[in-house]
file query_20.txt (compact mmCIF, C-alpha atoms)
# COMPACT_ATOMS: atom_id res chain seq x y z
CA MET A 22 0.85 -6.46 2.75
CA LYS A 23 -0.99 -3.32 1.66
CA ARG A 24 -1.87 -0.75 4.31
CA LEU A 25 -5.32 0.78 4.65
CA TYR A 26 -5.86 3.87 6.79
CA ILE A 27 -9.37 4.24 8.23
CA LEU A 28 -10.14 7.64 9.73
CA CYS A 29 -12.92 7.03 12.22
CA GLU A 30 -15.12 8.81 14.68
CA GLY A 31 -14.05 7.38 18.02
CA GLN A 32 -12.83 4.48 20.12
CA SER A 33 -15.77 2.20 19.24
CA GLU A 34 -15.06 2.41 15.52
CA GLU A 35 -11.36 1.97 16.24
CA ALA A 36 -12.13 -1.23 18.16
CA PHE A 37 -14.50 -2.45 15.42
CA VAL A 38 -11.76 -2.06 12.82
CA GLY A 39 -9.30 -3.94 15.01
CA SER A 40 -11.49 -6.82 16.13
CA VAL A 41 -13.98 -7.30 13.27
CA LEU A 42 -12.60 -5.77 10.08
CA ASN A 43 -8.89 -6.50 10.36
CA PRO A 44 -9.19 -10.32 10.38
CA TYR A 45 -11.22 -10.04 7.18
CA PHE A 46 -8.85 -7.59 5.51
CA GLN A 47 -5.76 -9.60 6.37
CA THR A 48 -7.09 -12.49 4.27
CA LEU A 49 -6.90 -10.04 1.36
CA GLY A 50 -3.36 -8.98 2.14
CA ILE A 51 -4.47 -5.71 3.74
CA TYR A 52 -3.58 -4.32 7.14
CA ALA A 53 -6.18 -1.81 8.31
CA GLN A 54 -4.93 0.90 10.63
CA PRO A 55 -7.72 2.83 12.38
CA ILE A 56 -7.03 6.47 13.18
CA ILE A 57 -9.38 8.42 15.44
CA CYS A 58 -10.12 11.79 13.92
CA THR A 59 -8.17 14.62 15.52
CA THR A 60 -10.58 17.39 16.47
CA LYS A 61 -7.97 19.82 17.78
CA ARG A 62 -4.21 20.19 17.63
CA THR A 63 -2.00 22.27 19.92
CA PRO A 64 1.82 22.44 20.08
CA ILE A 65 1.80 19.89 22.91
CA LYS A 66 -1.34 17.78 22.47
CA LYS A 67 -3.82 16.31 19.99
CA TYR A 68 -7.50 15.96 20.93
CA LYS A 69 -9.33 13.03 19.38
CA GLY A 70 -12.84 11.68 19.01
CA GLY A 71 -16.13 13.11 17.81
CA ILE A 72 -16.80 15.16 14.72
CA THR A 73 -17.06 18.84 15.52
CA SER A 74 -16.80 20.31 12.04
CA PHE A 75 -16.44 19.26 8.42
CA ALA A 76 -13.40 21.52 8.01
CA LYS A 77 -11.46 19.43 10.54
CA VAL A 78 -12.38 16.18 8.79
CA LYS A 79 -11.32 17.67 5.46
CA LYS A 80 -7.97 18.78 6.88
CA GLU A 81 -7.26 15.39 8.44
CA LEU A 82 -8.10 13.50 5.24
CA GLN A 83 -6.02 15.79 3.05
CA ARG A 84 -3.10 15.27 5.40
CA LEU A 85 -3.49 11.47 5.43
CA CYS A 86 -3.88 11.19 1.66
CA GLY A 87 -0.83 13.37 1.12
CA GLU A 88 1.34 11.47 3.59
CA HIS A 89 0.37 8.07 2.12
CA PRO A 90 -0.16 8.63 -1.63
CA ASN A 91 0.48 4.97 -2.48
CA GLU A 92 -1.87 3.56 0.15
CA LEU A 93 -5.64 3.71 0.48
CA VAL A 94 -7.39 6.11 2.86
CA THR A 95 -11.02 5.61 3.83
CA THR A 96 -13.42 6.63 6.59
CA MET A 97 -15.91 5.22 9.04
CA PHE A 98 -18.19 8.06 10.15
CA ASP A 99 -21.89 7.93 10.98
CA LEU A 100 -24.19 9.68 8.52
CA TYR A 101 -26.34 10.55 11.54
CA ALA A 102 -25.20 13.95 12.82
CA PHE A 103 -22.30 14.19 10.34
CA PRO A 104 -21.90 17.92 9.49
CA TYR A 105 -22.34 17.62 5.73
CA ASP A 106 -24.65 20.66 5.86
CA ALA A 107 -21.46 22.71 5.71
CA LEU A 108 -21.27 21.88 2.00
CA GLY A 109 -24.63 23.53 1.28
CA LEU A 110 -25.81 20.59 -0.80
CA LYS A 111 -28.99 20.96 -2.85
CA ASN A 112 -31.50 18.44 -4.18
CA ILE A 113 -30.33 15.62 -1.94
CA PRO A 114 -32.08 12.37 -2.98
CA VAL A 115 -34.70 10.86 -0.70
CA ASP A 116 -33.73 7.21 -1.23
CA ILE A 117 -31.20 6.44 1.48
CA TYR A 118 -28.71 4.71 -0.82
CA GLU A 119 -28.85 7.44 -3.44
CA LYS A 120 -28.60 10.01 -0.63
CA VAL A 121 -25.51 8.58 1.03
CA ASN A 122 -23.76 8.02 -2.31
CA TYR A 123 -24.55 11.61 -3.32
CA ILE A 124 -23.15 12.98 -0.06
CA GLU A 125 -20.03 10.79 -0.24
CA ARG A 126 -19.30 11.93 -3.79
CA ALA A 127 -19.81 15.59 -2.88
CA ILE A 128 -17.47 15.29 0.10
CA THR A 129 -14.83 13.51 -1.98
CA ASP A 130 -15.01 16.31 -4.55
CA GLU A 131 -14.78 18.95 -1.81
CA ILE A 132 -11.75 17.33 -0.19
CA GLY A 133 -10.05 16.92 -3.55
CA ASN A 134 -8.93 13.38 -4.31
CA ARG A 135 -5.56 14.53 -5.63
CA PHE A 136 -3.80 11.19 -5.28
CA GLY A 137 -6.81 9.05 -6.17
CA ASN A 138 -6.39 7.17 -2.89
CA LEU A 139 -9.52 8.25 -0.99
CA ILE A 140 -12.74 6.30 -0.51
CA PHE A 141 -14.92 8.52 1.65
CA SER A 142 -17.57 6.40 3.35
CA LEU A 143 -20.42 6.98 5.79
CA VAL A 144 -22.23 4.34 7.86
CA LEU A 145 -26.01 4.26 7.40
CA HIS A 146 -27.10 5.72 9.69
CA GLU A 147 -24.73 5.01 12.54
CA PHE A 148 -22.62 2.18 13.93
CA GLU A 149 -25.50 0.81 16.01
CA GLY A 150 -27.49 0.20 12.85
CA LEU A 151 -25.09 -2.62 11.99
CA LEU A 152 -26.10 -4.39 15.22
CA PHE A 153 -29.66 -4.76 13.93
CA SER A 154 -28.27 -7.25 11.40
CA ASP A 155 -29.03 -9.89 14.02
CA VAL A 156 -31.21 -8.63 16.85
CA SER A 157 -30.75 -11.84 18.82
CA ALA A 158 -27.26 -10.57 19.68
CA PHE A 159 -28.93 -8.17 22.11
CA PHE A 160 -29.67 -11.14 24.40
CA HIS A 161 -26.02 -10.65 25.37
CA ILE A 162 -27.03 -7.55 27.35
CA ALA A 163 -30.83 -7.51 27.54
CA ASP A 164 -33.94 -9.49 28.47
CA GLN A 165 -36.67 -10.87 26.21
CA GLU A 166 -38.84 -7.77 26.47
CA ALA A 167 -36.06 -5.46 25.32
CA VAL A 168 -35.00 -7.76 22.50
CA ASP A 169 -38.62 -8.07 21.31
CA ALA A 170 -38.89 -4.27 21.21
CA LEU A 171 -35.73 -4.05 19.09
CA ARG A 172 -36.96 -6.89 16.91
CA ASP A 173 -40.08 -4.81 16.20
CA VAL A 174 -37.88 -1.89 15.17
CA ARG A 175 -35.99 -4.10 12.75
CA ALA A 176 -39.15 -5.68 11.36
CA ALA A 177 -40.61 -2.28 10.52
CA VAL A 178 -37.88 -1.42 7.98
CA LEU A 179 -36.43 -2.97 4.86
CA THR A 180 -32.86 -3.31 6.16
CA PRO A 181 -30.89 -2.28 9.27
CA GLU A 182 -29.57 0.65 7.23
CA HIS A 183 -33.11 2.03 6.94
CA ILE A 184 -33.36 2.67 10.69
CA ASN A 185 -33.20 6.40 10.39
CA GLU A 186 -31.33 9.45 11.58
CA SER A 187 -33.66 11.61 13.61
CA PRO A 188 -32.77 12.43 17.23
CA GLU A 189 -35.64 10.19 18.38
CA THR A 190 -35.32 7.26 15.99
CA ALA A 191 -31.63 6.80 15.22
CA PRO A 192 -30.50 3.21 15.95
CA SER A 193 -28.72 4.15 19.20
CA LYS A 194 -31.83 5.97 20.43
CA HIS A 195 -33.93 2.81 20.01
CA ILE A 196 -31.31 0.82 21.91
CA ASN A 197 -30.94 3.34 24.74
CA LYS A 198 -34.71 3.48 25.15
CA VAL A 199 -34.97 -0.19 26.13
CA ILE A 200 -31.38 -0.78 27.35
CA PRO A 201 -30.42 2.40 29.24
CA ASP A 202 -27.01 1.09 30.30
CA TYR A 203 -25.97 0.06 26.77
CA SER A 204 -22.29 0.87 26.19
CA LYS A 205 -21.15 1.35 22.59
CA PRO A 206 -17.40 0.78 23.25
CA THR A 207 -17.95 -2.51 25.09
CA ASP A 208 -21.42 -3.93 24.40
CA GLY A 209 -21.51 -2.69 20.81
CA ILE A 210 -18.19 -4.24 19.86
CA ASP A 211 -18.94 -7.51 21.67
CA MET A 212 -22.21 -7.85 19.79
CA ALA A 213 -20.62 -6.98 16.45
CA GLU A 214 -18.10 -9.78 16.99
CA GLN A 215 -20.91 -12.16 17.94
CA ILE A 216 -22.98 -11.26 14.87
CA GLY A 217 -20.00 -11.63 12.57
CA LEU A 218 -18.99 -9.75 9.46
CA ASP A 219 -20.70 -12.14 7.03
CA LYS A 220 -24.11 -11.46 8.56
CA ILE A 221 -23.54 -7.70 8.62
CA ILE A 222 -22.49 -7.76 4.96
CA SER A 223 -25.57 -9.76 3.98
CA GLU A 224 -27.92 -7.34 5.75
CA CYS A 225 -26.27 -3.96 5.09
CA ARG A 226 -25.87 -3.16 1.41
CA HIS A 227 -24.03 0.13 1.68
CA PHE A 228 -21.60 -1.28 4.23
CA ALA A 229 -21.01 -4.27 1.95
CA ASN A 230 -20.34 -1.98 -1.02
CA TRP A 231 -17.73 -0.11 1.03
CA LEU A 232 -15.85 -3.35 1.69
CA ALA A 233 -16.19 -4.31 -1.98
CA LYS A 234 -14.54 -1.04 -3.05
CA ILE A 235 -11.63 -1.69 -0.70
CA THR A 236 -11.31 -5.27 -1.98
CA ALA A 237 -11.27 -4.04 -5.59
CA TRP A 238 -8.52 -1.55 -4.74
CA ALA A 239 -6.44 -4.29 -3.13
CA LYS A 240 -6.74 -6.49 -6.22
CA GLU A 241 -5.92 -3.67 -8.62
CA SER A 242 -2.92 -2.50 -6.63
CA ALA A 243 -1.55 -6.07 -6.52
CA GLU A 244 -1.55 -6.37 -10.31
call {"tool": "encode", "arguments": {"input": "query_20.txt", "output": "structure tokens"}}
result
Amino acid sequence: MKRLYILCEGQSEEAFVGSVLNPYFQTLGIYAQPIICTTKRTPIKKYKGGITSFAKVKKELQRLCGEHPNELVTTMFDLYAFPYDALGLKNIPVDIYEKVNYIERAITDEIGNRFGNLIFSLVLHEFEGLLFSDVSAFFHIADQEAVDALRDVRAAVLTPEHINESPETAPSKHINKVIPDYSKPTDGIDMAEQIGLDKIISECRHFANWLAKITAWAKESAE
């Protein structure tokens, strides 16, 4: 079985990999191992969770790729609030799919894909956006009024990935506005499991393309 290392932002993404992605990957002969990004290292302790700087992400990915040159390394970070500004990118496309692909390519180039085993990937625009693949899942934690409000948010955009990245209108901000006690590590993961990966793939093109790249790697490496 091939091993896939997924550097991710925090415990919610770690749980998503374990409960939602791994069953899918195992049918392809892949074991996905989530690794929460280390934000600080001392001689006696590692601090994990959250993205505080691009330099730390770069260092972690270079270390992972170097330690596992024959395995695939990928990422699961939110585009929302990701510190890609550190790269000083110019002429970033407006279309969200062109934009995220442009940023992912620039980051891959900056990190240096020495072993050819890195697929750098960002979630449009954050993990909660995936939950808008099926708004009825919010009945798990909310009443009709709240679900209707979230349904309106979804109806106003082309896909869940178009729910944008401003501090007022990011997916999690819409959820917190009508469900103040929403918990990403528990509620978010429960709803993702309820929605199911097939539905998320059908609704979220960039997310689906990420999985397709991993699948293609698995097939090529098996040949």
call {"tool": "residues_near_point", "arguments": {"input": "query_20.txt", "point": "(-31.0, -0.6, 6.9)", "cutoff": "10 Å", "atoms": "only C-alpha atoms", "output": "mmCIF file with C-alpha atoms, in the coordinates of the input"}}
result
data_model
loop_
_atom_site.group_PDB
_atom_site.id
_atom_site.type_symbol
_atom_site.label_atom_id
_atom_site.label_comp_id
_atom_site.auth_asym_id
_atom_site.auth_seq_id
_atom_site.Cartn_x
_atom_site.Cartn_y
_atom_site.Cartn_z
ATOM 1 C CA ILE A 117 -31.200 6.440 1.480
ATOM 2 C CA TYR A 118 -28.710 4.710 -0.820
ATOM 3 C CA LEU A 145 -26.010 4.260 7.400
ATOM 4 C CA HIS A 146 -27.100 5.720 9.690
ATOM 5 C CA GLY A 150 -27.490 0.200 12.850
ATOM 6 C CA LEU A 151 -25.090 -2.620 11.990
ATOM 7 C CA PHE A 153 -29.660 -4.760 13.930
ATOM 8 C CA SER A 154 -28.270 -7.250 11.400
ATOM 9 C CA ARG A 175 -35.990 -4.100 12.750
ATOM 10 C CA VAL A 178 -37.880 -1.420 7.980
ATOM 11 C CA LEU A 179 -36.430 -2.970 4.860
ATOM 12 C CA THR A 180 -32.860 -3.310 6.160
ATOM 13 C CA PRO A 181 -30.890 -2.280 9.270
ATOM 14 C CA GLU A 182 -29.570 0.650 7.230
ATOM 15 C CA HIS A 183 -33.110 2.030 6.940
ATOM 16 C CA ILE A 184 -33.360 2.670 10.690
ATOM 17 C CA ASN A 185 -33.200 6.400 10.390
ATOM 18 C CA PRO A 192 -30.500 3.210 15.950
ATOM 19 C CA GLU A 224 -27.920 -7.340 5.750
ATOM 20 C CA CYS A 225 -26.270 -3.960 5.090
ATOM 21 C CA ARG A 226 -25.870 -3.160 1.410
ATOM 22 C CA HIS A 227 -24.030 0.130 1.680
ATOM 23 C CA PHE A 228 -21.600 -1.280 4.230
#
call {"tool": "residues_near_point", "arguments": {"input": "query_20.txt", "point": "(-20.7, 20.3, 8.4)", "cutoff": "12 Å", "atoms": "all atoms listed in the file", "output": "list in words"}}
result
Ile72, Thr73, Ser74, Phe75, Ala76, Lys77, Val78, Lys79, Leu100, Tyr101, Ala102, Phe103, Pro104, Tyr105, Asp106, Ala107, Leu108, Gly109, Leu110, Ile124, Ile128 and Glu131 of chain A
call {"tool": "residues_around", "arguments": {"input": "query_20.txt", "residues": "Leu49 in chain A", "least_positions_apart": "2", "cutoff": "12 Å", "atoms": "all atoms listed in the file", "output": "list in words"}}
result
Met22, Lys23, Arg24, Leu25, Leu42, Asn43, Pro44, Tyr45, Phe46, Gln47, Ile51, Tyr52, Ala53, Leu232, Ala233, Ile235, Thr236, Ala237, Trp238, Ala239, Lys240, Glu241, Ser242 and Ala243 of chain A
call {"tool": "residues_around", "arguments": {"input": "query_20.txt", "residues": "Leu218 in chain A", "least_positions_apart": "3", "cutoff": "8 Å", "atoms": "only C-alpha atoms", "output": "ChimeraX atom specification"}}
result
/A:41-42,213-214,221-222
call {"tool": "residues_around", "arguments": {"input": "query_20.txt", "residues": "Pro201 in chain A", "least_positions_apart": "4", "cutoff": "12 Å", "atoms": "all atoms listed in the file", "output": "PyMOL selection string"}}
result
chain A and resi 162-163+167+193-197+205
call {"tool": "residues_around", "arguments": {"input": "query_20.txt", "residues": "Pro206 in chain A", "least_positions_apart": "6", "cutoff": "10 Å", "atoms": "only C-alpha atoms", "output": "PyMOL selection string"}}
result
chain A and resi 31-37
call {"tool": "closest_residue", "arguments": {"input": "query_20.txt", "among": "A:Leu152, A:Ala191, A:Tyr123, A:Ile200", "to": "Lys220 in chain A", "atoms": "only C-alpha atoms"}}
result
A:Leu152
call {"tool": "atom_distance", "arguments": {"input": "query_20.txt", "atom1": "CA of Gln165 in chain A", "atom2": "CA of Tyr203 in chain A"}}
result
15.3 Å
call {"tool": "decode", "arguments": {"input": "query_20.txt", "residues": "range 183-214 of chain A", "atoms": "N, CA and C atoms", "output": "PDB file, in the first residue's frame"}}
result
ATOM      1  N   HIS A 183     -17.271  28.899  -4.364  1.00  0.00           N
ATOM      2  CA  HIS A 183     -17.361  30.330  -4.672  1.00  0.00           C
ATOM      3  C   HIS A 183     -17.750  31.160  -3.453  1.00  0.00           C
ATOM      4  N   ILE A 184     -18.071  30.525  -2.340  1.00  0.00           N
ATOM      5  CA  ILE A 184     -18.354  31.283  -1.119  1.00  0.00           C
ATOM      6  C   ILE A 184     -17.018  31.843  -0.649  1.00  0.00           C
ATOM      7  N   ASN A 185     -16.907  33.161  -0.558  1.00  0.00           N
ATOM      8  CA  ASN A 185     -15.587  33.769  -0.664  1.00  0.00           C
ATOM      9  C   ASN A 185     -14.799  33.902   0.633  1.00  0.00           C
ATOM     10  N   GLU A 186     -13.739  34.714   0.558  1.00  0.00           N
ATOM     11  CA  GLU A 186     -12.698  34.682   1.581  1.00  0.00           C
ATOM     12  C   GLU A 186     -12.527  35.977   2.359  1.00  0.00           C
ATOM     13  N   SER A 187     -13.546  36.823   2.383  1.00  0.00           N
ATOM     14  CA  SER A 187     -13.398  38.031   3.179  1.00  0.00           C
ATOM     15  C   SER A 187     -13.706  37.710   4.641  1.00  0.00           C
ATOM     16  N   PRO A 188     -13.243  38.546   5.569  1.00  0.00           N
ATOM     17  CA  PRO A 188     -13.497  38.293   6.992  1.00  0.00           C
ATOM     18  C   PRO A 188     -14.975  38.266   7.359  1.00  0.00           C
ATOM     19  N   GLU A 189     -15.826  38.831   6.498  1.00  0.00           N
ATOM     20  CA  GLU A 189     -17.264  38.848   6.788  1.00  0.00           C
ATOM     21  C   GLU A 189     -18.021  37.740   6.070  1.00  0.00           C
ATOM     22  N   THR A 190     -17.478  37.264   4.943  1.00  0.00           N
ATOM     23  CA  THR A 190     -18.268  36.356   4.107  1.00  0.00           C
ATOM     24  C   THR A 190     -17.587  35.025   3.808  1.00  0.00           C
ATOM     25  N   ALA A 191     -16.543  34.693   4.528  1.00  0.00           N
ATOM     26  CA  ALA A 191     -15.957  33.355   4.404  1.00  0.00           C
ATOM     27  C   ALA A 191     -16.993  32.336   4.875  1.00  0.00           C
ATOM     28  N   PRO A 192     -16.936  31.099   4.396  1.00  0.00           N
ATOM     29  CA  PRO A 192     -17.946  30.101   4.768  1.00  0.00           C
ATOM     30  C   PRO A 192     -18.176  29.985   6.275  1.00  0.00           C
ATOM     31  N   SER A 193     -17.106  29.943   7.058  1.00  0.00           N
ATOM     32  CA  SER A 193     -17.266  29.787   8.509  1.00  0.00           C
ATOM     33  C   SER A 193     -17.972  30.990   9.130  1.00  0.00           C
ATOM     34  N   LYS A 194     -17.790  32.167   8.531  1.00  0.00           N
ATOM     35  CA  LYS A 194     -18.431  33.369   9.065  1.00  0.00           C
ATOM     36  C   LYS A 194     -19.941  33.304   8.856  1.00  0.00           C
ATOM     37  N   HIS A 195     -20.372  32.785   7.707  1.00  0.00           N
ATOM     38  CA  HIS A 195     -21.803  32.602   7.461  1.00  0.00           C
ATOM     39  C   HIS A 195     -22.392  31.615   8.461  1.00  0.00           C
ATOM     40  N   ILE A 196     -21.651  30.540   8.722  1.00  0.00           N
ATOM     41  CA  ILE A 196     -22.145  29.521   9.658  1.00  0.00           C
ATOM     42  C   ILE A 196     -22.226  30.085  11.071  1.00  0.00           C
ATOM     43  N   ASN A 197     -21.159  30.732  11.518  1.00  0.00           N
ATOM     44  CA  ASN A 197     -21.132  31.274  12.882  1.00  0.00           C
ATOM     45  C   ASN A 197     -22.207  32.334  13.109  1.00  0.00           C
ATOM     46  N   LYS A 198     -22.586  33.025  12.042  1.00  0.00           N
ATOM     47  CA  LYS A 198     -23.596  34.074  12.163  1.00  0.00           C
ATOM     48  C   LYS A 198     -24.948  33.507  12.561  1.00  0.00           C
ATOM     49  N   VAL A 199     -25.296  32.335  12.034  1.00  0.00           N
ATOM     50  CA  VAL A 199     -26.618  31.761  12.321  1.00  0.00           C
ATOM     51  C   VAL A 199     -26.545  30.571  13.283  1.00  0.00           C
ATOM     52  N   ILE A 200     -25.337  30.026  13.475  1.00  0.00           N
ATOM     53  CA  ILE A 200     -25.143  28.921  14.432  1.00  0.00           C
ATOM     54  C   ILE A 200     -23.934  29.282  15.288  1.00  0.00           C
ATOM     55  N   PRO A 201     -24.113  30.125  16.293  1.00  0.00           N
ATOM     56  CA  PRO A 201     -22.986  30.635  17.079  1.00  0.00           C
ATOM     57  C   PRO A 201     -22.171  29.559  17.790  1.00  0.00           C
ATOM     58  N   ASP A 202     -22.794  28.446  18.117  1.00  0.00           N
ATOM     59  CA  ASP A 202     -22.062  27.400  18.846  1.00  0.00           C
ATOM     60  C   ASP A 202     -21.526  26.310  17.915  1.00  0.00           C
ATOM     61  N   TYR A 203     -21.484  26.592  16.618  1.00  0.00           N
ATOM     62  CA  TYR A 203     -20.898  25.631  15.667  1.00  0.00           C
ATOM     63  C   TYR A 203     -19.465  25.307  16.059  1.00  0.00           C
ATOM     64  N   SER A 204     -19.131  24.009  16.052  1.00  0.00           N
ATOM     65  CA  SER A 204     -17.782  23.551  16.372  1.00  0.00           C
ATOM     66  C   SER A 204     -17.193  22.825  15.174  1.00  0.00           C
ATOM     67  N   LYS A 205     -16.128  23.371  14.604  1.00  0.00           N
ATOM     68  CA  LYS A 205     -15.498  22.763  13.435  1.00  0.00           C
ATOM     69  C   LYS A 205     -14.986  21.349  13.714  1.00  0.00           C
ATOM     70  N   PRO A 206     -14.271  21.117  14.840  1.00  0.00           N
ATOM     71  CA  PRO A 206     -13.708  19.772  15.068  1.00  0.00           C
ATOM     72  C   PRO A 206     -14.750  18.681  15.263  1.00  0.00           C
ATOM     73  N   THR A 207     -15.927  19.036  15.775  1.00  0.00           N
ATOM     74  CA  THR A 207     -16.956  18.013  16.019  1.00  0.00           C
ATOM     75  C   THR A 207     -18.090  18.114  15.000  1.00  0.00           C
ATOM     76  N   ASP A 208     -18.793  19.244  14.983  1.00  0.00           N
ATOM     77  CA  ASP A 208     -19.916  19.409  14.067  1.00  0.00           C
ATOM     78  C   ASP A 208     -19.470  19.327  12.610  1.00  0.00           C
ATOM     79  N   GLY A 209     -18.370  20.000  12.290  1.00  0.00           N
ATOM     80  CA  GLY A 209     -17.903  20.028  10.912  1.00  0.00           C
ATOM     81  C   GLY A 209     -17.587  18.643  10.375  1.00  0.00           C
ATOM     82  N   ILE A 210     -16.888  17.860  11.168  1.00  0.00           N
ATOM     83  CA  ILE A 210     -16.515  16.516  10.728  1.00  0.00           C
ATOM     84  C   ILE A 210     -17.738  15.607  10.651  1.00  0.00           C
ATOM     85  N   ASP A 211     -18.638  15.717  11.634  1.00  0.00           N
ATOM     86  CA  ASP A 211     -19.865  14.905  11.597  1.00  0.00           C
ATOM     87  C   ASP A 211     -20.673  15.184  10.332  1.00  0.00           C
ATOM     88  N   MET A 212     -20.779  16.458   9.983  1.00  0.00           N
ATOM     89  CA  MET A 212     -21.553  16.813   8.787  1.00  0.00           C
ATOM     90  C   MET A 212     -20.853  16.365   7.510  1.00  0.00           C
ATOM     91  N   ALA A 213     -19.534  16.472   7.475  1.00  0.00           N
ATOM     92  CA  ALA A 213     -18.794  16.009   6.300  1.00  0.00           C
ATOM     93  C   ALA A 213     -19.019  14.516   6.077  1.00  0.00           C
ATOM     94  N   GLU A 214     -19.024  13.746   7.155  1.00  0.00           N
ATOM     95  CA  GLU A 214     -19.289  12.313   7.044  1.00  0.00           C
ATOM     96  C   GLU A 214     -20.710  12.071   6.550  1.00  0.00           C
TER      97      GLU A 214
END
